[in-house]
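Here is entry-v1.cif, consisting of mmCIF, C-alpha atoms:
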```cif
data_coords
#
loop_
_atom_site.label_atom_id
_atom_site.label_comp_id
_atom_site.auth_asym_id
_atom_site.auth_seq_id
_atom_site.Cartn_x
_atom_site.Cartn_y
_atom_site.Cartn_z
CA MET A 85 0.00 0.00 0.00
CA LEU A 86 1.29 3.47 -0.86
CA ASP A 87 2.16 5.79 2.01
CA ILE A 88 -0.29 8.70 2.12
CA LYS A 89 2.65 11.04 2.71
CA PHE A 90 4.16 9.89 -0.60
CA VAL A 91 0.86 10.53 -2.40
CA ARG A 92 0.61 14.03 -0.88
CA GLU A 93 4.15 14.93 -1.90
CA HIS A 94 4.25 13.17 -5.30
CA PRO A 95 0.75 13.09 -6.83
CA ASP A 96 2.19 13.44 -10.35
CA ILE A 97 4.27 10.28 -9.91
CA VAL A 98 1.21 8.37 -8.71
CA LYS A 99 -0.84 9.60 -11.70
CA GLU A 100 1.94 8.79 -14.16
CA ASN A 101 2.16 5.29 -12.66
CA LEU A 102 -1.57 4.77 -13.24
CA GLN A 103 -1.14 6.03 -16.80
CA ARG A 104 1.66 3.53 -17.42
CA ARG A 105 -0.47 0.72 -16.02
CA GLY A 106 -3.42 1.69 -18.21
CA ASP A 107 -5.48 2.16 -15.03
CA LEU A 108 -6.91 5.46 -16.25
CA ALA A 109 -10.13 5.36 -14.22
CA LYS A 110 -8.13 5.71 -11.01
CA ILE A 111 -6.25 8.87 -12.01
CA ALA A 112 -9.11 11.08 -10.80
CA TRP A 113 -8.96 9.29 -7.45
CA VAL A 114 -5.61 10.88 -6.62
CA ASP A 115 -6.87 14.47 -6.35
CA GLN A 116 -9.95 13.32 -4.42
CA LEU A 117 -7.73 11.29 -2.10
CA ILE A 118 -5.53 14.30 -1.36
CA GLN A 119 -8.61 16.42 -0.64
CA ASP A 120 -10.15 13.76 1.62
CA ASP A 121 -6.85 13.39 3.43
CA LYS A 122 -6.64 17.14 4.01
CA ASN A 123 -10.20 17.22 5.33
CA TRP A 124 -9.48 14.20 7.52
CA ARG A 125 -6.56 16.05 9.11
CA ASP A 126 -8.49 19.33 9.40
CA VAL A 127 -11.65 17.95 11.04
CA PRO A 128 -9.97 16.90 14.32
CA THR A 129 -8.61 20.43 14.64
CA GLU A 130 -12.15 21.77 14.25
CA ALA A 131 -13.36 19.32 16.89
CA ASN A 132 -10.59 20.36 19.29
CA ASN A 133 -11.53 24.03 18.77
CA LEU A 134 -15.10 23.16 19.75
CA ARG A 135 -13.87 21.37 22.89
CA ASN A 136 -11.83 24.44 23.84
CA LYS A 137 -14.88 26.61 23.20
CA ARG A 138 -17.00 24.38 25.42
CA ASN A 139 -14.43 24.69 28.21
CA ARG A 140 -14.43 28.49 27.89
CA LEU A 141 -18.23 28.59 27.94
CA THR A 142 -18.28 26.32 31.00
CA ASP A 143 -15.97 28.73 32.84
CA GLU A 144 -18.02 31.72 31.72
CA ILE A 145 -21.29 30.09 32.81
CA ALA A 146 -19.77 29.39 36.22
CA ARG A 147 -18.80 33.07 36.59
CA HIS A 148 -22.30 34.20 35.59
CA ARG A 149 -23.91 31.87 38.10
CA LYS A 150 -21.53 32.99 40.79
CA SER A 151 -22.42 36.62 40.14
CA GLY A 152 -26.13 35.82 39.79
CA THR A 153 -26.41 37.03 36.17
CA ASP A 154 -28.36 35.28 33.40
CA SER A 155 -26.39 32.60 31.53
CA SER A 156 -29.21 30.86 29.65
CA ASP A 157 -27.86 31.81 26.20
CA LEU A 158 -24.43 30.50 27.10
CA VAL A 159 -25.92 27.26 28.46
CA LYS A 160 -27.86 26.79 25.23
CA GLU A 161 -24.76 27.41 23.12
CA ALA A 162 -22.66 25.04 25.20
CA GLY A 163 -25.37 22.37 25.01
CA GLN A 164 -25.16 22.29 21.22
CA ILE A 165 -21.42 21.62 21.13
CA PRO A 166 -21.45 17.87 22.01
CA ASP A 167 -23.68 17.10 19.02
CA GLN A 168 -21.43 19.19 16.78
CA ILE A 169 -18.37 17.29 18.03
CA LYS A 170 -20.11 13.95 17.50
CA LYS A 171 -20.92 14.86 13.89
CA LEU A 172 -17.30 15.81 13.31
CA GLU A 173 -16.14 12.49 14.80
CA VAL A 174 -18.47 10.62 12.43
CA LYS A 175 -17.13 12.68 9.53
CA THR A 176 -13.56 11.89 10.59
CA ALA A 177 -14.29 8.16 10.62
CA GLU A 178 -15.93 8.36 7.18
CA LEU A 179 -13.00 10.27 5.70
CA GLU A 180 -10.49 7.88 7.25
CA SER A 181 -12.38 4.94 5.77
CA ARG A 182 -12.43 6.55 2.31
CA VAL A 183 -8.73 7.40 2.45
CA THR A 184 -7.80 3.86 3.53
CA GLU A 185 -10.00 2.25 0.87
CA VAL A 186 -8.47 4.29 -1.95
CA LEU A 187 -4.92 3.69 -0.70
CA LEU A 188 -5.60 -0.06 -0.65
CA ARG A 189 -6.80 0.08 -4.27
CA LEU A 190 -3.98 2.23 -5.67
CA PRO A 191 -1.22 0.02 -7.15
CA ASN A 192 2.42 0.23 -6.17
CA ILE A 193 4.80 2.31 -8.24
CA LEU A 194 6.28 0.42 -11.19
CA HIS A 195 10.04 0.14 -11.40
CA GLU A 196 11.57 2.44 -13.98
CA THR A 197 12.74 -0.56 -16.03
CA VAL A 198 9.19 -1.83 -16.61
CA PRO A 199 8.34 -1.21 -20.30
CA PHE A 200 5.40 1.02 -21.09
CA GLY A 201 2.83 -0.40 -23.44
CA ALA A 202 -0.87 -0.98 -23.91
CA ASP A 203 -0.52 -4.77 -24.28
CA GLU A 204 1.97 -7.64 -24.11
CA SER A 205 3.56 -6.59 -27.41
CA ALA A 206 5.65 -4.09 -25.40
CA ASN A 207 7.11 -6.83 -23.19
CA VAL A 208 10.90 -7.10 -23.27
CA GLU A 209 12.68 -10.45 -23.30
CA VAL A 210 15.13 -10.33 -20.38
CA LYS A 211 16.64 -13.80 -20.57
CA LYS A 212 16.35 -16.96 -22.63
CA TRP A 213 17.33 -20.39 -21.36
CA GLY A 214 17.69 -23.50 -23.45
CA LYS A 215 16.49 -24.08 -26.97
CA ALA A 216 12.89 -24.58 -28.01
CA PRO A 217 12.46 -28.13 -29.35
CA GLU A 218 11.61 -28.71 -32.98
CA PHE A 219 9.32 -31.56 -33.98
CA ASN A 220 8.87 -33.37 -37.29
CA PHE A 221 5.23 -33.97 -36.41
CA PRO A 222 2.32 -31.82 -35.15
CA PRO A 223 2.78 -31.71 -31.35
CA LYS A 224 -0.22 -32.28 -29.08
CA ASP A 225 -0.99 -30.10 -26.10
CA HIS A 226 -1.13 -31.33 -22.52
CA ILE A 227 -4.88 -31.83 -22.42
CA ASP A 228 -4.99 -33.95 -25.59
CA LEU A 229 -2.15 -36.14 -24.36
CA ALA A 230 -3.50 -36.49 -20.82
CA MET A 231 -7.01 -37.35 -21.92
CA ARG A 232 -5.73 -39.85 -24.48
CA LEU A 233 -3.70 -41.52 -21.70
CA LYS A 234 -6.71 -41.29 -19.34
CA LEU A 235 -4.78 -39.16 -16.85
CA ILE A 236 -7.36 -36.34 -16.74
CA ASP A 237 -11.14 -36.61 -16.71
CA LEU A 238 -12.93 -33.31 -17.35
CA GLU A 239 -16.35 -34.69 -18.18
CA ARG A 240 -16.88 -36.50 -14.87
CA ALA A 241 -15.49 -33.51 -12.98
CA ALA A 242 -18.01 -31.25 -14.74
CA LYS A 243 -20.75 -33.71 -13.82
CA VAL A 244 -19.99 -33.58 -10.08
CA ALA A 245 -18.64 -30.04 -9.66
CA GLY A 246 -19.25 -28.00 -12.81
CA SER A 247 -16.86 -26.46 -15.32
CA ARG A 248 -13.18 -25.71 -14.62
CA PHE A 249 -12.67 -28.70 -12.35
CA TYR A 250 -10.86 -31.93 -13.16
CA TYR A 251 -10.05 -35.41 -11.95
CA LEU A 252 -6.35 -36.25 -12.02
CA ARG A 253 -5.68 -39.95 -12.44
CA GLY A 254 -2.85 -42.45 -12.12
CA ASP A 255 0.68 -41.23 -12.73
CA LEU A 256 -0.47 -37.62 -13.09
CA VAL A 257 -1.50 -37.65 -9.41
CA LYS A 258 2.01 -38.84 -8.51
CA LEU A 259 3.57 -36.22 -10.78
CA ASN A 260 1.52 -33.45 -9.14
CA TYR A 261 2.70 -34.40 -5.65
CA SER A 262 6.25 -35.02 -6.85
CA LEU A 263 6.40 -31.49 -8.21
CA LEU A 264 5.11 -30.10 -4.92
CA LYS A 265 7.77 -32.09 -3.02
CA PHE A 266 10.45 -30.93 -5.46
CA ALA A 267 9.41 -27.30 -4.91
CA LEU A 268 9.44 -27.69 -1.12
CA ASP A 269 12.91 -29.28 -1.15
CA PHE A 270 14.20 -26.62 -3.55
CA ILE A 271 12.97 -23.70 -1.46
CA GLU A 272 13.96 -25.21 1.90
CA LYS A 273 17.58 -25.43 0.75
CA ARG A 274 17.43 -21.67 0.34
CA HIS A 275 16.59 -21.28 4.03
CA TYR A 276 12.87 -20.56 3.76
CA THR A 277 10.60 -21.68 6.58
CA LEU A 278 7.98 -24.08 5.25
CA ILE A 279 4.41 -23.26 6.26
CA GLN A 280 1.08 -24.97 5.74
CA PRO A 281 -1.41 -22.13 6.38
CA PRO A 282 -5.14 -22.09 7.18
CA TYR A 283 -7.24 -22.70 4.09
CA LEU A 284 -9.84 -20.14 5.25
CA LEU A 285 -9.08 -16.48 5.97
CA ARG A 286 -11.09 -13.62 7.41
CA ARG A 287 -11.86 -10.63 5.21
CA GLU A 288 -9.40 -8.44 7.12
CA ALA A 289 -6.58 -10.91 6.45
CA ILE A 290 -7.17 -11.12 2.69
CA GLY A 291 -7.81 -7.37 2.51
CA GLY A 292 -4.29 -6.77 3.81
CA ALA A 293 -2.85 -8.58 0.80
CA VAL A 294 -5.13 -7.50 -2.06
CA ALA A 295 -7.79 -4.90 -2.74
CA LEU A 296 -10.88 -6.99 -2.10
CA SER A 297 -13.05 -4.54 -3.98
CA ASP A 298 -11.08 -5.44 -7.12
CA PHE A 299 -10.80 -9.20 -6.52
CA GLU A 300 -13.84 -10.17 -4.47
CA ASP A 301 -15.66 -11.51 -7.53
CA VAL A 302 -12.95 -14.16 -8.04
CA ILE A 303 -12.66 -15.32 -4.40
CA TYR A 304 -15.00 -17.88 -2.85
CA LYS A 305 -16.78 -16.69 0.32
CA ILE A 306 -18.36 -18.88 2.98
CA GLN A 307 -21.99 -17.83 3.30
CA ASP A 308 -22.96 -16.22 6.63
CA ASP A 309 -19.34 -16.32 7.86
CA ASP A 310 -16.51 -13.80 7.69
CA LEU A 311 -14.37 -16.41 5.95
CA TYR A 312 -13.01 -16.84 2.44
CA LEU A 313 -11.43 -19.87 0.79
CA LEU A 314 -7.72 -19.33 0.32
CA PRO A 315 -7.00 -18.06 -3.24
CA THR A 316 -3.22 -18.46 -2.76
CA ALA A 317 -0.88 -19.22 0.13
CA GLU A 318 0.67 -15.76 -0.28
CA HIS A 319 -2.27 -14.09 1.44
CA ALA A 320 -2.01 -16.32 4.50
CA LEU A 321 1.77 -15.85 4.68
CA LEU A 322 1.35 -12.08 4.73
CA ALA A 323 -1.58 -12.15 7.15
CA GLN A 324 0.29 -13.99 9.90
CA HIS A 325 2.04 -10.70 10.74
CA MET A 326 -0.91 -8.34 10.28
CA GLY A 327 -1.09 -5.67 12.94
CA GLU A 328 2.49 -6.34 14.01
CA ILE A 329 5.48 -4.01 13.90
CA ILE A 330 8.50 -6.02 12.79
CA ASP A 331 11.98 -5.05 13.96
CA GLY A 332 14.05 -4.34 10.86
CA LYS A 333 16.95 -6.27 12.41
CA SER A 334 14.95 -9.49 12.04
CA LEU A 335 14.40 -9.00 8.29
CA PRO A 336 14.20 -10.59 5.84
CA LEU A 337 11.62 -13.16 6.92
CA ARG A 338 11.63 -16.03 4.45
CA TYR A 339 8.46 -18.10 4.23
CA SER A 340 7.19 -20.63 1.75
CA GLY A 341 3.61 -21.82 1.90
CA ILE A 342 2.05 -24.95 0.45
CA SER A 343 -1.71 -25.02 0.07
CA PRO A 344 -4.65 -25.72 -2.17
CA CYS A 345 -5.93 -22.62 -3.94
CA PHE A 346 -9.55 -21.86 -4.76
CA ARG A 347 -10.58 -19.24 -7.33
CA LYS A 348 -13.75 -18.43 -9.21
CA GLU A 349 -11.66 -17.05 -12.09
CA ALA A 350 -14.71 -15.02 -13.14
CA GLY A 351 -13.70 -12.78 -16.02
CA ALA A 352 -10.09 -13.89 -15.66
CA HIS A 353 -7.57 -13.26 -18.42
CA GLY A 354 -7.14 -16.35 -20.59
CA ARG A 355 -10.26 -17.94 -19.14
CA ASP A 356 -11.07 -19.71 -22.40
CA THR A 357 -7.60 -21.21 -22.84
CA LYS A 358 -7.86 -24.90 -23.65
CA GLY A 359 -6.79 -27.31 -20.91
CA ILE A 360 -6.44 -27.08 -17.15
CA PHE A 361 -5.66 -23.38 -16.99
CA ARG A 362 -7.69 -20.82 -15.03
CA ILE A 363 -9.24 -23.60 -12.98
CA HIS A 364 -11.16 -23.29 -9.71
CA GLN A 365 -8.90 -25.53 -7.63
CA PHE A 366 -5.18 -26.38 -7.63
CA GLU A 367 -2.21 -26.75 -5.29
CA ASN A 368 0.86 -24.56 -5.20
CA VAL A 369 4.05 -23.72 -3.34
CA GLU A 370 4.27 -19.97 -2.86
#
```

Transcribe the structure of this file into structure tokens.
Amino acid sequence: MLDIKFVREHPDIVKENLQRRGDLAKIAWVDQLIQDDKNWRDVPTEANNLRNKRNRLTDEIARHRKSGTDSSDLVKEAGQIPDQIKKLEVKTAELESRVTEVLLRLPNILHETVPFGADESANVEVKKWGKAPEFNFPPKDHIDLAMRLKLIDLERAAKVAGSRFYYLRGDLVKLNYSLLKFALDFIEKRHYTLIQPPYLLRREAIGGAVALSDFEDVIYKIQDDDLYLLPTAEHALLAQHMGEIIDGKSLPLRYSGISPCFRKEAGAHGRDTKGIFRIHQFENVE
């Protein structure tokens, strides 16, 4: 999440970043955010002025009563101040909520080396490893091969669970778990702590990792509970330290999580790609 101080001091950088990302609808948010932030900081001052005024009126009323003079107008004026303060406190909370929500939805600043372009045609090849194989026959994709070998069953999965699910069978089950074990061994050698996280997270926990307003339509929610199915282990790894202040001397913290992942993939990029891509359920090592 961007620091509000950075947004105040560098609004042009934030807007340029949104331009580079093609996130044009959010550019207007920046000026509104700065205004809401200013109001949020000004309102408490107004409330404190009212508290000081109430204290002065209280002293003045006491002097009037002591001298026996009429203080009804002052009493009436002082009696209106608590409601005025309460309204300002409500306004402060609303502004704080708006500021926080926008900050959560503004993306981080892209590194200067990231190419600018409207689509993937602007991508830059950084490194190439190996040589792409050449075949003297038309190659088959993974789904054609797996179904021919009866290692994947999409039809029965659709029958019991709907589209974008699958049954893995036989050696493909072993391969799946072998790859997970390979990933765990690989990452543990690099001194990461292995973690198997909860598969359900509260809204606050997921909201600390992603802007839920942008991704809520692709995350499964448990009805009548403040719980969501884990979309990726990353969210749970981040959430374990939510609300904590970490001593910089203890950094970096190296975690690797293994978990199933559940995603609706509604409107997801590449959703119509043939095969077991953009599926609702899979396992990963994060």

**OP:** Tell me, as a PyMOL selection string, which residues lie within 10 Å of Thr277 of chain A, counting only C-alpha atoms; anything in the same chain fewer than 2 positions away does not count.
**Re:** chain A and resi 268+271-275+279+337-341

Can I get the selected residues back with C-alpha atoms, as a CSV table (one decimal), keeping the file's coordinate frame?
```
chain,number,residue,atom,x,y,z
A,268,LEU,CA,9.4,-27.7,-1.1
A,271,ILE,CA,13.0,-23.7,-1.5
A,272,GLU,CA,14.0,-25.2,1.9
A,273,LYS,CA,17.6,-25.4,0.8
A,274,ARG,CA,17.4,-21.7,0.3
A,275,HIS,CA,16.6,-21.3,4.0
A,279,ILE,CA,4.4,-23.3,6.3
A,337,LEU,CA,11.6,-13.2,6.9
A,338,ARG,CA,11.6,-16.0,4.4
A,339,TYR,CA,8.5,-18.1,4.2
A,340,SER,CA,7.2,-20.6,1.8
A,341,GLY,CA,3.6,-21.8,1.9
```

**OP:** Find the residues around Ile165 of chain A up to 12 Å (all atoms listed in the file counted), leave out those fewer than 2 positions away in its own chain, and share them as a ChimeraX atom specification.
**Re:** /A:130-142,158-163,167-172

Original post:
Between A:Ala109, A:Val257, A:Val302, A:Ala320, which one has atoms that come closest to Arg286 of chain A, using only C-alpha atoms?
Top reply: A:Ala320

Original post:
Hey, what comes out of the PyMOL selection byres ((chain A and resi 114-118) around 10) on this file? Could you write it as a PyMOL selection string?
Top reply: chain A and resi 88-89+91-93+95-96+98-99+102+110-113+119-124+179+182-187+190

Original post:
Rounded to one decimal in Å, what is the spacing between atom CA of Leu233 of chain A and atom CA of Pro217 of chain A?
Top reply: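 Taking atom CA of Leu233 of chain A as the start and atom CA of Pro217 of chain A as the end point, the length is 22.3 Å.
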
Original post:
Leaving out Ser155 of chain A and any residue of its chain fewer than 4 positions from it, which residues lie within 9 Å of it when counting only C-alpha atoms, given as a list in words?
Top reply: Glu144, Ile145, Ala146, His148, Arg149, Val159 and Lys160 of chain A

When the PyMOL selection byres ((chain A and resi 240-242) around 12) is applied to the file above, which residues end up in the set, as a PDB file with C-alpha atoms, in the coordinates of the input?
```pdb
ATOM      1  CA  ILE A 236      -7.360 -36.340 -16.740  1.00  0.00           C
ATOM      2  CA  ASP A 237     -11.140 -36.610 -16.710  1.00  0.00           C
ATOM      3  CA  LEU A 238     -12.930 -33.310 -17.350  1.00  0.00           C
ATOM      4  CA  GLU A 239     -16.350 -34.690 -18.180  1.00  0.00           C
ATOM      5  CA  LYS A 243     -20.750 -33.710 -13.820  1.00  0.00           C
ATOM      6  CA  VAL A 244     -19.990 -33.580 -10.080  1.00  0.00           C
ATOM      7  CA  ALA A 245     -18.640 -30.040  -9.660  1.00  0.00           C
ATOM      8  CA  GLY A 246     -19.250 -28.000 -12.810  1.00  0.00           C
ATOM      9  CA  SER A 247     -16.860 -26.460 -15.320  1.00  0.00           C
ATOM     10  CA  ARG A 248     -13.180 -25.710 -14.620  1.00  0.00           C
ATOM     11  CA  PHE A 249     -12.670 -28.700 -12.350  1.00  0.00           C
ATOM     12  CA  TYR A 250     -10.860 -31.930 -13.160  1.00  0.00           C
ATOM     13  CA  TYR A 251     -10.050 -35.410 -11.950  1.00  0.00           C
ATOM     14  CA  LEU A 252      -6.350 -36.250 -12.020  1.00  0.00           C
ATOM     15  CA  ARG A 253      -5.680 -39.950 -12.440  1.00  0.00           C
ATOM     16  CA  ILE A 360      -6.440 -27.080 -17.150  1.00  0.00           C
ATOM     17  CA  ILE A 363      -9.240 -23.600 -12.980  1.00  0.00           C
ATOM     18  CA  HIS A 364     -11.160 -23.290  -9.710  1.00  0.00           C
ATOM     19  CA  GLN A 365      -8.900 -25.530  -7.630  1.00  0.00           C
TER      20      GLN A 365
END
```

Given the file above and the PyMOL selection byres ((chain A and resi 303) around 8), which residues are selected, and can you give them as a PDB file with C-alpha atoms, in the coordinates of the input?
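So part09.pdb came out as:
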```
ATOM      1  CA  PHE A 299     -10.800  -9.200  -6.520  1.00  0.00           C
ATOM      2  CA  GLU A 300     -13.840 -10.170  -4.470  1.00  0.00           C
ATOM      3  CA  ASP A 301     -15.660 -11.510  -7.530  1.00  0.00           C
ATOM      4  CA  VAL A 302     -12.950 -14.160  -8.040  1.00  0.00           C
ATOM      5  CA  TYR A 304     -15.000 -17.880  -2.850  1.00  0.00           C
ATOM      6  CA  LYS A 305     -16.780 -16.690   0.320  1.00  0.00           C
ATOM      7  CA  TYR A 312     -13.010 -16.840   2.440  1.00  0.00           C
ATOM      8  CA  LEU A 313     -11.430 -19.870   0.790  1.00  0.00           C
ATOM      9  CA  LEU A 314      -7.720 -19.330   0.320  1.00  0.00           C
ATOM     10  CA  PRO A 315      -7.000 -18.060  -3.240  1.00  0.00           C
ATOM     11  CA  PHE A 346      -9.550 -21.860  -4.760  1.00  0.00           C
ATOM     12  CA  ARG A 347     -10.580 -19.240  -7.330  1.00  0.00           C
ATOM     13  CA  LYS A 348     -13.750 -18.430  -9.210  1.00  0.00           C
ATOM     14  CA  GLU A 349     -11.660 -17.050 -12.090  1.00  0.00           C
TER      15      GLU A 349
END
```

**OP:** Write out as a PyMOL selection string the residues lying within 12 Å of segment 201-207 of chain A, counting only C-alpha atoms and excluding same-chain residues fewer than 5 positions away.
**Re:** chain A and resi 103-108

Selection from above, C-alpha atoms, as a compact mmCIF listing (two decimals), in the frame of the given file, can you write it?
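out24.txt, freshly written:
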```txt
# COMPACT_ATOMS: atom_id res chain seq x y z
CA GLN A 103 -1.14 6.03 -16.80
CA ARG A 104 1.66 3.53 -17.42
CA ARG A 105 -0.47 0.72 -16.02
CA GLY A 106 -3.42 1.69 -18.21
CA ASP A 107 -5.48 2.16 -15.03
CA LEU A 108 -6.91 5.46 -16.25
```

Original post:
Pick from A:Glu370, A:Leu311, A:Asp154, A:Gly292: nearest to Arg189 of chain A, with all atoms listed in the file counted?
Top reply: A:Gly292

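In this structure, atom CA of Ala323 of chain A sits 19.0 Å away from atom CA of Asp87 of chain A.
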
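In this model, the gap between atom CA of His195 of chain A and atom CA of Ala289 of chain A comes to 26.8 Å.
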
As JSON, please: the centre and edge lengths in Å, to one decimal, of an axis-aligned box enclosing every listed atom of segment 251-255 of chain A with 5 Å added on each side.
```
{"center_x": -4.7, "center_y": -38.9, "center_z": -12.3, "size_x": 20.7, "size_y": 17.0, "size_z": 10.8}
```

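These residues, each with an atom at most 6 Å from (0.8, -17.6, -1.8) using all atoms listed in the file, are Thr316, Ala317, Glu318, His319 and Glu370 of chain A.
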
Output segment 131-145 of chain A with N, CA and C atoms present, as an mmCIF file, in the coordinates of the input.
```cif
data_model
loop_
_atom_site.group_PDB
_atom_site.id
_atom_site.type_symbol
_atom_site.label_atom_id
_atom_site.label_comp_id
_atom_site.auth_asym_id
_atom_site.auth_seq_id
_atom_site.Cartn_x
_atom_site.Cartn_y
_atom_site.Cartn_z
ATOM 1 N N ALA A 131 -12.740 19.919 15.703
ATOM 2 C CA ALA A 131 -13.360 19.320 16.890
ATOM 3 C C ALA A 131 -12.656 19.786 18.155
ATOM 4 N N ASN A 132 -11.330 19.886 18.118
ATOM 5 C CA ASN A 132 -10.590 20.360 19.290
ATOM 6 C C ASN A 132 -10.930 21.821 19.599
ATOM 7 N N ASN A 133 -11.135 22.626 18.551
ATOM 8 C CA ASN A 133 -11.530 24.030 18.770
ATOM 9 C C ASN A 133 -12.879 24.100 19.485
ATOM 10 N N LEU A 134 -13.784 23.188 19.087
ATOM 11 C CA LEU A 134 -15.100 23.160 19.750
ATOM 12 C C LEU A 134 -14.962 22.733 21.212
ATOM 13 N N ARG A 135 -14.083 21.794 21.506
ATOM 14 C CA ARG A 135 -13.870 21.370 22.890
ATOM 15 C C ARG A 135 -13.316 22.528 23.724
ATOM 16 N N ASN A 136 -12.377 23.272 23.132
ATOM 17 C CA ASN A 136 -11.830 24.440 23.840
ATOM 18 C C ASN A 136 -12.920 25.484 24.073
ATOM 19 N N LYS A 137 -13.777 25.651 23.060
ATOM 20 C CA LYS A 137 -14.880 26.610 23.200
ATOM 21 C C LYS A 137 -15.827 26.176 24.308
ATOM 22 N N ARG A 138 -16.115 24.883 24.370
ATOM 23 C CA ARG A 138 -17.000 24.380 25.420
ATOM 24 C C ARG A 138 -16.398 24.629 26.805
ATOM 25 N N ASN A 139 -15.089 24.441 26.926
ATOM 26 C CA ASN A 139 -14.430 24.690 28.210
ATOM 27 C C ASN A 139 -14.519 26.167 28.599
ATOM 28 N N ARG A 140 -14.333 27.049 27.598
ATOM 29 C CA ARG A 140 -14.430 28.490 27.890
ATOM 30 C C ARG A 140 -15.848 28.862 28.309
ATOM 31 N N LEU A 141 -16.834 28.296 27.593
ATOM 32 C CA LEU A 141 -18.230 28.590 27.940
ATOM 33 C C LEU A 141 -18.565 28.076 29.328
ATOM 34 N N THR A 142 -18.033 26.892 29.661
ATOM 35 C CA THR A 142 -18.280 26.320 31.000
ATOM 36 C C THR A 142 -17.747 27.256 32.080
ATOM 37 N N ASP A 143 -16.547 27.785 31.870
ATOM 38 C CA ASP A 143 -15.970 28.730 32.840
ATOM 39 C C ASP A 143 -16.800 30.004 32.919
ATOM 40 N N GLU A 144 -17.249 30.482 31.744
ATOM 41 C CA GLU A 144 -18.020 31.720 31.720
ATOM 42 C C GLU A 144 -19.384 31.536 32.388
ATOM 43 N N ILE A 145 -19.999 30.379 32.161
ATOM 44 C CA ILE A 145 -21.290 30.090 32.810
ATOM 45 C C ILE A 145 -21.130 30.057 34.322
#
```
